[in-house]
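Visitor: Sending over a structure as structure tokens; questions will come in a sec.
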Amino acid sequence: MPCAVIDLFCGIGGLTHGLTRSGLQVLAGIDIDSTCQYAYEKNNDAQFIEADVAQLASDEIVSLYPAEVVRALVGCAPCQPFSKYTQRYRKDGHKGDKWKLLYSFAEKVTDILPEIVSMENVPELASEPVFDDFRNTLTDLGYHVSWSIAFCPDYGVPQGRRRLVLLASRLGDIKLIEPQYTPENYLTVKDSIGMLPPIKAGQSSKDDSLHTAAQLSSINIKRIKQSVPGGTWRDWDENLQLTCHKKESGITYPSVYGRMSWNEPAPTITTQFYGYGNGRFGHPEQDRGISLREGAMLQSFPPDYDFLPPNMIVSKKELGIHIGNAVPVNLGVAIGESIRRHIEEVN
Ligand SMILES: C[S@@+](CC[C@H](N)C(=O)[O-])C[C@H]1O[C@@H](n2cnc3c(N)ncnc32)[C@H](O)[C@@H]1O
């Protein structure tokens with residue numbers, strides 16, 4: 001039987017794209033943020049449903065699955081609730097709100113009882129009580145559950161990100177496939193973005209409006225010129241160092257304002273990768289931070305993934321958040337391959 005997938009909290013489609021590339025059919029993605037719709041639908045043959053997962057009736061999700069399929073419900077719930085009113089994550093929300101969407105995910109599983117469930121999240125989730133609650137809910141419903149912390153370079157992502165991946169099935173044992181790469185053949189920054197045309201800080205490529213790098217202040221230009229790949233701010237002249245670097249607290253963040261190395265996987269692409277000062281987000285040899293396109297490619301999005309319609313105004317900061325929040329596409333491929341092989345085994 002074919003497998004049909006619905007992707008909760010689908011964003012701009014990193015997970016959906018990976019699952020599709022592994023051969024699964026993704027029917028629809030559900031997300032509260034309408035600015036994700038264009039990228040989601042333009043690059044994936046799946047419907048975008050703008051809705052709050054916590055409010056959406058489970059019956060509506062059930063009605064999306066055709067008959068005679070193995071139903072998979074997948075998702076990557078954010079740890080901060082999103083406010084439709086402010087169009088922002090509410091970091092200042094009630095403490096009890098944190099992870100509430102993961103409880104909504106568990107409720108949907110309870111109502112729908114899909115044959116397969118996949119949940120991806122930050123590794124820190126493993127030590128949160130909600131994670132025990134999520135697993136216990138699934139086990140009590142009769143699911144076989146496994147989880148692990150995946151190191152993304154092991155799955156062809158040119159980035160040292162770690163993610164928690166949980167897989168569950170009512171059909172039998174399921175687990176994430178074995179690593180597909182070893183440290184000897186990990187994809188590097190050069191493999192991923194080395195072919196892109198050079199640009200300067202504050203400029204865009206004429207061929208790709210997403211290959212655009214943030215403006216740098218004159219002091220930050222001086223800093224990046226003195227930064228060496230993989231080095232720290234300690235490589236700079238003393239007059240360029242920030243006051244916080246000189247304090248005890250600054251010493252714990254040696255990689256801020258750092259440059260990536262060509263021959264290694266990139267550091268984790270966070271939601272703030274578009275700012276040179278927010279991590280080791282300097283280009284390996286050009287005097288600028290990485291562009292939005294480079295961040296997306298380091299998340300293993302294909303180079304032609306289309307994020308924005310020509311006339312849509314979305315801030316670079318906002319698009320950077322969507323890209324940094326995405327499940328790396330190649331990790332999505334590994335999750336899809338795990339589901340595909342499992343279905344073959346149990347059929
Ligand atoms: C971590 S991102 C998901 C990334 C996505 N899976 C991908 O691979 O590109 C979390 C997403 O949850 C969405 N979201 C937040 N609150 C939501 C809610 N109540 N209902 C539906 N989606 C929500 C956000 O808009 C965001 O796109």
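Ligands are numbered from 1 in the order shown, residues from 1 within each chain, and chains are lettered A, B, ... in the order they appear in the structure tokens.
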Enumerate, in order of chain and increasing residue number, the residues of chain A with an atom no farther than 6 Å from ligand 1, each with its shortest atom pair and distance in Å to one decimal, counting only C-alpha atoms and all ligand atoms, as a tab-separated table.
Guide:
residue	atom	partner	partner_atom_place_in_ligand_line	distance
A:Phe9	CA	ligand 1	12 (O)	3.9
A:Cys10	CA	ligand 1	6 (N)	4.2
A:Gly11	CA	ligand 1	27 (O)	3.4
A:Ile12	CA	ligand 1	9 (O)	4.6
A:Gly13	CA	ligand 1	9 (O)	4.1
A:Gly14	CA	ligand 1	8 (O)	3.5
A:Leu15	CA	ligand 1	8 (O)	3.9
A:Asp31	CA	ligand 1	22 (N)	3.6
A:Ile32	CA	ligand 1	21 (C)	4.1
A:Asp33	CA	ligand 1	25 (O)	4.5
A:Ala51	CA	ligand 1	21 (C)	5.7
A:Asp52	CA	ligand 1	20 (N)	3.4
A:Val53	CA	ligand 1	20 (N)	4.0
A:Ala54	CA	ligand 1	19 (N)	5.6
A:Cys76	CA	ligand 1	6 (N)	5.1
A:Ala77	CA	ligand 1	10 (C)	5.5
A:Pro78	CA	ligand 1	10 (C)	4.7
A:Pro81	CA	ligand 1	16 (N)	5.2
A:Phe82	CA	ligand 1	16 (N)	4.4
A:Asn325	CA	ligand 1	1 (C)	4.6
A:Ala326	CA	ligand 1	9 (O)	3.4
A:Val327	CA	ligand 1	8 (O)	3.7
Visitor: Determine, counting only C-alpha atoms, which protein, DNA and RNA residues have an atom within 9 Å of an atom of Ile61 of chain A; residues of the same chain fewer than 6 positions away are not included. Present the result as a PyMOL selection string.
Guide: chain A and resi 6+108+112
Visitor: How about saving the chosen residues, N, CA and C atoms kept, as an mmCIF file, in the first residue's frame?
Guide:
data_model
loop_
_atom_site.group_PDB
_atom_site.id
_atom_site.type_symbol
_atom_site.label_atom_id
_atom_site.label_comp_id
_atom_site.auth_asym_id
_atom_site.auth_seq_id
_atom_site.Cartn_x
_atom_site.Cartn_y
_atom_site.Cartn_z
ATOM 1 N N ILE A 6 0.858 13.641 5.963
ATOM 2 C CA ILE A 6 0.445 15.018 6.268
ATOM 3 C C ILE A 6 1.472 15.593 7.236
ATOM 4 N N LYS A 108 -3.623 14.958 18.256
ATOM 5 C CA LYS A 108 -3.994 14.613 16.871
ATOM 6 C C LYS A 108 -3.695 13.131 16.616
ATOM 7 N N ILE A 112 -6.484 10.503 15.430
ATOM 8 C CA ILE A 112 -6.406 10.034 14.036
ATOM 9 C C ILE A 112 -5.878 8.603 13.946
#
Visitor: Would you please extract all helix (DSSP H, G or I) residues from segment 52-209 of chain A, as assigned by DSSP on the backbone, and give them as number ranges by chain?
Guide: A: 58-62, 95-97, 100-112, 123-127, 129-140, 152-155, 183-185, 189-193
Visitor: List every residue of segment 63-227 of chain A that DSSP, applied to the backbone of this structure, assigns to strand (DSSP E or B), and report them as an MDAnalysis selection string.
Guide: chainID A and resid 70:75 82:83 88:89 116:121 144:151 159 162:169 204 212
Visitor: Next, the residues of the selection above should be written as a short mmCIF file (atom, residue, chain, number, x, y, z; two decimals), in the first residue's frame with C-alpha atoms.
Guide:
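Saved result, selection_39.cif, follows:
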data_model
loop_
_atom_site.label_atom_id
_atom_site.label_comp_id
_atom_site.auth_asym_id
_atom_site.auth_seq_id
_atom_site.Cartn_x
_atom_site.Cartn_y
_atom_site.Cartn_z
CA VAL A 70 -0.65 3.84 4.99
CA ARG A 71 -1.31 7.13 6.76
CA ALA A 72 1.70 9.02 8.14
CA LEU A 73 1.43 12.10 10.36
CA VAL A 74 4.73 13.94 10.70
CA GLY A 75 5.75 17.23 12.21
CA PHE A 82 3.22 31.58 17.61
CA SER A 83 0.94 34.56 18.05
CA ARG A 88 5.79 36.43 16.24
CA TYR A 89 6.76 33.64 18.58
CA ILE A 116 3.14 6.02 11.16
CA VAL A 117 4.24 9.06 13.17
CA SER A 118 7.45 11.04 12.87
CA MET A 119 8.44 13.92 15.11
CA GLU A 120 11.60 15.97 14.72
CA ASN A 121 12.84 18.52 17.22
CA HIS A 144 6.34 0.88 18.49
CA VAL A 145 8.45 3.95 19.28
CA SER A 146 12.15 4.68 18.71
CA TRP A 147 14.13 7.90 18.88
CA SER A 148 17.68 9.09 18.48
CA ILE A 149 19.73 12.25 18.19
CA ALA A 150 20.77 12.47 14.55
CA PHE A 151 24.05 14.21 13.64
CA GLN A 159 26.09 21.31 8.70
CA ARG A 162 21.98 17.71 15.83
CA ARG A 163 18.26 16.92 15.83
CA LEU A 164 16.04 14.61 17.79
CA VAL A 165 14.13 12.25 15.50
CA LEU A 166 11.30 10.10 16.85
CA LEU A 167 9.64 7.46 14.68
CA ALA A 168 6.61 5.42 15.68
CA SER A 169 4.54 2.80 13.94
CA SER A 204 22.67 40.79 -4.12
CA THR A 212 22.00 38.59 -0.86
#
Visitor: Can you work out which one of A:Leu27, A:Ala214, A:Val228, A:Ser255 has the shortest atom-to-atom distance to Ile290 of chain A, counting only C-alpha atoms?
Guide: A:Ala214
Visitor: Rounded to one decimal place, report the atom CA of His211 of chain A-atom CA of Phe301 of chain A distance in Å.
Guide: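 Separation between atom CA of His211 of chain A and atom CA of Phe301 of chain A: 13.4 Å.
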Visitor: Kindly indicate which residue among A:Lys100, A:Lys206, A:Arg170, A:Lys222 lies nearest to Glu115 of chain A, using only C-alpha atoms for the distances.
Guide: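 Ranked by minimum distance to Glu115 of chain A, first place goes to A:Arg170.
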Visitor: Considering only C-alpha atoms, return as an MDAnalysis selection string whatever protein or nucleic-acid residues lie within 7 Å of Arg293 of chain A, sequence-local ones (same chain, fewer than 2 positions apart) excluded.
Guide: chainID A and resid 210:211 291 295:297
Visitor: Let's have the selection written as a PDB file, in the first residue's frame, with N, CA and C atoms.
Guide:
ATOM      1  N   LEU A 210      17.875  35.941  -3.771  1.00  0.00           N
ATOM      2  CA  LEU A 210      18.082  35.355  -2.442  1.00  0.00           C
ATOM      3  C   LEU A 210      19.571  35.277  -2.084  1.00  0.00           C
ATOM      4  N   HIS A 211      20.406  35.393  -3.127  1.00  0.00           N
ATOM      5  CA  HIS A 211      21.850  35.379  -2.842  1.00  0.00           C
ATOM      6  C   HIS A 211      22.238  36.817  -2.507  1.00  0.00           C
ATOM      7  N   SER A 291      24.877  34.516   2.687  1.00  0.00           N
ATOM      8  CA  SER A 291      23.626  35.028   2.119  1.00  0.00           C
ATOM      9  C   SER A 291      22.464  34.111   2.516  1.00  0.00           C
ATOM     10  N   GLY A 295      22.589  30.112   3.320  1.00  0.00           N
ATOM     11  CA  GLY A 295      22.018  29.483   4.510  1.00  0.00           C
ATOM     12  C   GLY A 295      21.070  28.361   4.115  1.00  0.00           C
ATOM     13  N   ALA A 296      20.254  28.623   3.087  1.00  0.00           N
ATOM     14  CA  ALA A 296      19.297  27.605   2.635  1.00  0.00           C
ATOM     15  C   ALA A 296      20.039  26.378   2.079  1.00  0.00           C
ATOM     16  N   MET A 297      21.099  26.619   1.311  1.00  0.00           N
ATOM     17  CA  MET A 297      21.823  25.471   0.733  1.00  0.00           C
ATOM     18  C   MET A 297      22.555  24.686   1.825  1.00  0.00           C
TER      19      MET A 297
END
Visitor: Rank A:Leu171, A:Ser205, A:Cys3, A:Ile199 by their smallest atom-to-atom distance to Pro66 of chain A, using only C-alpha atoms, and report the top residue only.
Guide: A:Cys3
Visitor: Taking only C-alpha atoms into account, name the residue in A:Arg340, A:Pro114, A:Asp133, A:Glu285 that is nearest to Trp99 of chain A.
Guide: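 Among the listed residues, the smallest separation from Trp99 of chain A belongs to A:Asp133.
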Visitor: Between atom CA of Lys42 of chain A and atom CA of Pro310 of chain A, what distance in Å does the model show, to one decimal?
Guide: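 Between these atoms lies a distance of 12.6 Å.
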Visitor: For Pro123 of chain A, which residue among A:Arg161, A:Glu238, A:Glu318, A:Gln203 is the nearest when counting only C-alpha atoms?
Guide: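 Using only C-alpha atoms, the shortest distance to Pro123 of chain A belongs to A:Arg161.
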